[in-house]
Amino acid sequence: MTRARLLVLNAALPVLDYRVPHGMSVEHGSVVVAPLGPRQIIGIVWEPERLPTEEVGDNRLRNLLQVLPVPPLSAPLRRLIEWTADYYCASLASVARMALSSTAALQGGRTMTEYRLASDAQPPARLTPQRAAAIERLAGEQATMRELAEMSGVTEGVLRGMVGVGLLQAVQVDLDRPYPAADPDHDVPALSAGQQAAADEMVAAVATSGFAPFLLDGVTGSGKTETYFEAVAQAIRMGRQVLVLLPEIALTQNFLHRFEDRFGVTPVLWHSSLKAAERRRAWRAIASGQAQVVVGARSALFLPFARLGLIVVDEAHEVSFKQDEGVRYNARDVAVIRARFESIPVVLASATPALESMTLAEAGVYKRIVLPDRFGGAQLPDIQICDLTQQPPERNHWIAPPLVEALKARLERGEQSLLFLNRRGYAPLTLCRSCGHRFECNTCSAWLVEHRLSRRLACHHCGQEQPMPTACPECGEADCLVACGPGVERIADEVREILPEARVLLATSDTLNSPEKIGDFVTAAQEGMVDVIVGTQLVTKGYHFPELTLVGVIDADLGLEGGDLRAGERTYQQIAQVAGRAGRGEKPGEVVIQTRHPKAPVIAALAAGDRDAFYTAETEGRRAAHAPPFGRWAAIIVSSEDEAEAREAARAIGGTRPNLPDVAVHGPAPAPLSLLRGRYRYRLLINARRSAELQKIIREWLGGLKFPASVRVGVDIDPYSF
Ligand code: ADP
Ligand code: ZN
């Protein structure tokens, strides 16, 4: 190659041509450094015919500077990057950056310097307050200077000073230190006949390789994990890599333990809060092929695996696989596309598959594998509906009499209960009894949520917090603030009031905010040190607590409000998942669902334990609305810090809407969160027949418009909630 066309990662110009100097060897996918004006850019060498740009004469080309010492991105990964950018109307560079994780990391060497407290250093008799604080907060930590500064809250300058006097010591981390090898035969469980048949199908697909998408549709507690672990084992035996995507980091601890039991080692982890050194080490091992099994959040999907042999998406129906900022992609769908480009099997595992996945399975596009029974003969729980209009709780309480009785019975028998409410904090709204003032976020259109444990008011959209006021800022009255409605903290208080002797544990991302705390929670629950768990969606999936026999859903209607197109499906999934926590051991489980709408199709299907009835009703509703999978939706979100500017831009887009028979455009209208992080948001919704070339239409439509830099226009293909 004497000329190279680059997909540029870190400059405004997306595509540039360069000359390959004598003695330098590059291929498609090579990651290279090149000059642009006075600065240096990083790019990926791409097939020129797939990346059209204006041709530049040879004599005007500048030389590439350097090929980075990382393996070239493979052709399947390059095709994945193109597909994702094209399908989600994103730029190639923004997708490619996800594959390279961090361009800075590519230029580093094989080692990295981290620091930790020196064990043998004698702290001087008098420490400055900052040094004392750093010593206290950094006990047991080892990280880069920048990360230590963040953890300790003191500046890098102070930390450097501590290195100078020997309080902190440098440690060289070897980024090529291999991960320990997994043993596919470490501890193989005896599978039930149904599990074995399911495992055999997936193992055979891994053995023959080739694209093979599976929907592993198994009820909660059927042992989906044990079953797909056999396919993982097969890939390991063949020297191929495996990627397992999990919807949430909170679930990872549990998964790691089970993986270690089965394979003797922990897998390689990939998520956004990895420290820099571990992140680079993992990236290098993934790219070299040394990392055998990688467990990660959705961003792991774009990593440059050298020998990928299998992808598993666990809890594949989960909303968190959809990314809502930057490149707005759905990892579940992109996983299937990656498997197609890599010619390998992909397993979507779920007890409550998305309707899209079910439809594809019915059409024969996905091979459906069904595990209809719980492992070891455990029965699915008995489901009771509590009609809150008939049996209301006491005033300012949220647990109705039937659920109170059920809780008492569990406590007497020494069994566990779980109460589910998907709302963090104590109360979703605080108002002043005297003047009616309501506490609202000043940069989002949302109420501030009271967190009584931390004595703060917080916005759940932008994260802003303030100390809980004691007086009303509007009228100055003291002792006049009223908490309206329940969050999990308030439900936990109510349980303590009803059952003063019960041991209550609050499980939310506020209380379980580290892997250690999640580990402690699982141990406490498994060893019977808790009587009542009160939790958010954090506890709805994945866990297996043998003594848990009662699940109470505090407000089944919460998710059904708002007219969101997927509200029914999401509510069904969430309640079916949390119900699935009950009765997984030898004792039968019971579920009490509190609702004001017992006749709603979702609730009725849950009550009857009739999943097919739910899918049938949902299918009809979607078909009538031309909603996915029968039609397609896209959203265009326009935002600006200036309300009028956002409105004008949205109107300009609306004014040039395409006039096509198979595409309907709704709006613009204020987006559901019309103010978010200080930006005013307007939205247009596009509903298209399946036959329409939706992305092409949107690109041409928006491509003809120009907006000031202060306006952001984002496209969301297959949006999740609207
Ligand atoms: P699911 O993910 O389908 O809800 P899990 O994979 O969590 O189900 O399995 C439920 C429980 O049953 C887990 O504790 C698991 O270890 C156990 N289990 C499943 N299959 C087997 C098996 N073949 N041998 C032993 N234990 C099993
Ligand atoms: Zn806010």
# chains A, B, ... in the order shown; residues from 1 in each chain; ligands from 1
$ residues_near_ligand --ligand "ligand 1" --cutoff "8 Å" --atoms "only C-alpha atoms and all ligand atoms" --output "MDAnalysis selection string"
chainID A and resid 189:192 195 218:227 258 350:351 374:376 541:544 580 584
$ residues_near_ligand --ligand "ligand 2" --cutoff "8 Å" --atoms "only C-alpha atoms and all ligand atoms" --output "ChimeraX atom specification"
/A:441-446,448,458-464,676-678
$ closest_residue --among "A:Asn330, A:Thr128, A:Gln169, A:Ser94" --to "A:Glu141" --atoms "only C-alpha atoms"
A:Gln169
$ residues_around --residues "A:Leu431" --least-positions-apart "5" --cutoff "6 Å" --atoms "only C-alpha atoms" --output "list in words"
Gly436, His437, Arg438, Leu481 and Val482 of chain A
$ write_last_selection --atoms "N, CA and C atoms" --output "PDB file, in the first residue's frame"
ATOM      1  N   GLY A 436     -47.555  25.865  49.400  1.00  0.00           N
ATOM      2  CA  GLY A 436     -47.747  25.010  48.227  1.00  0.00           C
ATOM      3  C   GLY A 436     -46.519  24.871  47.348  1.00  0.00           C
ATOM      4  N   HIS A 437     -45.393  25.487  47.748  1.00  0.00           N
ATOM      5  CA  HIS A 437     -44.172  25.400  46.941  1.00  0.00           C
ATOM      6  C   HIS A 437     -43.754  23.938  46.759  1.00  0.00           C
ATOM      7  N   ARG A 438     -43.355  23.592  45.516  1.00  0.00           N
ATOM      8  CA  ARG A 438     -42.856  22.245  45.242  1.00  0.00           C
ATOM      9  C   ARG A 438     -41.391  22.335  44.872  1.00  0.00           C
ATOM     10  N   LEU A 481     -42.598  21.232  55.605  1.00  0.00           N
ATOM     11  CA  LEU A 481     -42.372  20.441  54.400  1.00  0.00           C
ATOM     12  C   LEU A 481     -42.997  19.055  54.538  1.00  0.00           C
ATOM     13  N   VAL A 482     -43.732  18.663  53.502  1.00  0.00           N
ATOM     14  CA  VAL A 482     -44.397  17.372  53.527  1.00  0.00           C
ATOM     15  C   VAL A 482     -43.839  16.472  52.430  1.00  0.00           C
TER      16      VAL A 482
END
$ closest_atom_pairs --of "stretch 189-223 of chain A" --to "stretch 356-370 of chain A" --cutoff "9 Å" --atoms "only C-alpha atoms" --output "CSV"
residue,atom,partner,partner_atom,distance
A:Gly194,CA,A:Val370,CA,8.6
A:Ala198,CA,A:Ile369,CA,6.3
A:Glu201,CA,A:Ile369,CA,8.6
A:Ala212,CA,A:Tyr366,CA,7.7
A:Pro213,CA,A:Tyr366,CA,5.1
A:Phe214,CA,A:Lys367,CA,4.7
A:Leu215,CA,A:Arg368,CA,4.7
A:Leu216,CA,A:Ile369,CA,4.9
A:Asp217,CA,A:Val370,CA,4.9
A:Gly218,CA,A:Val370,CA,5.5
A:Val219,CA,A:Val370,CA,8.5
$ closest_residue --among "A:Leu506, A:Ala335, A:Leu301, A:Leu243" --to "A:Leu453" --atoms "only C-alpha atoms"
A:Leu506
$ closest_residue --among "A:Gln241, A:His451, A:Glu477, A:Lys275" --to "A:Leu148" --atoms "only C-alpha atoms"
A:Lys275
$ residues_around --residues "A:Ala34" --least-positions-apart "3" --cutoff "9 Å" --atoms "only C-alpha atoms" --output "number ranges by chain"
A: 18, 39-43, 62-66
$ residues_around --residues "A:Ser674" --least-positions-apart "6" --cutoff "12 Å" --atoms "only C-alpha atoms" --output "PyMOL selection string"
chain A and resi 443-446+461+637-641+643+646-647+668+680-683
$ closest_residue --among "A:Ala492, A:Leu419, A:Gly476, A:Ile498" --to "A:Gly552" --atoms "only C-alpha atoms"
A:Leu419
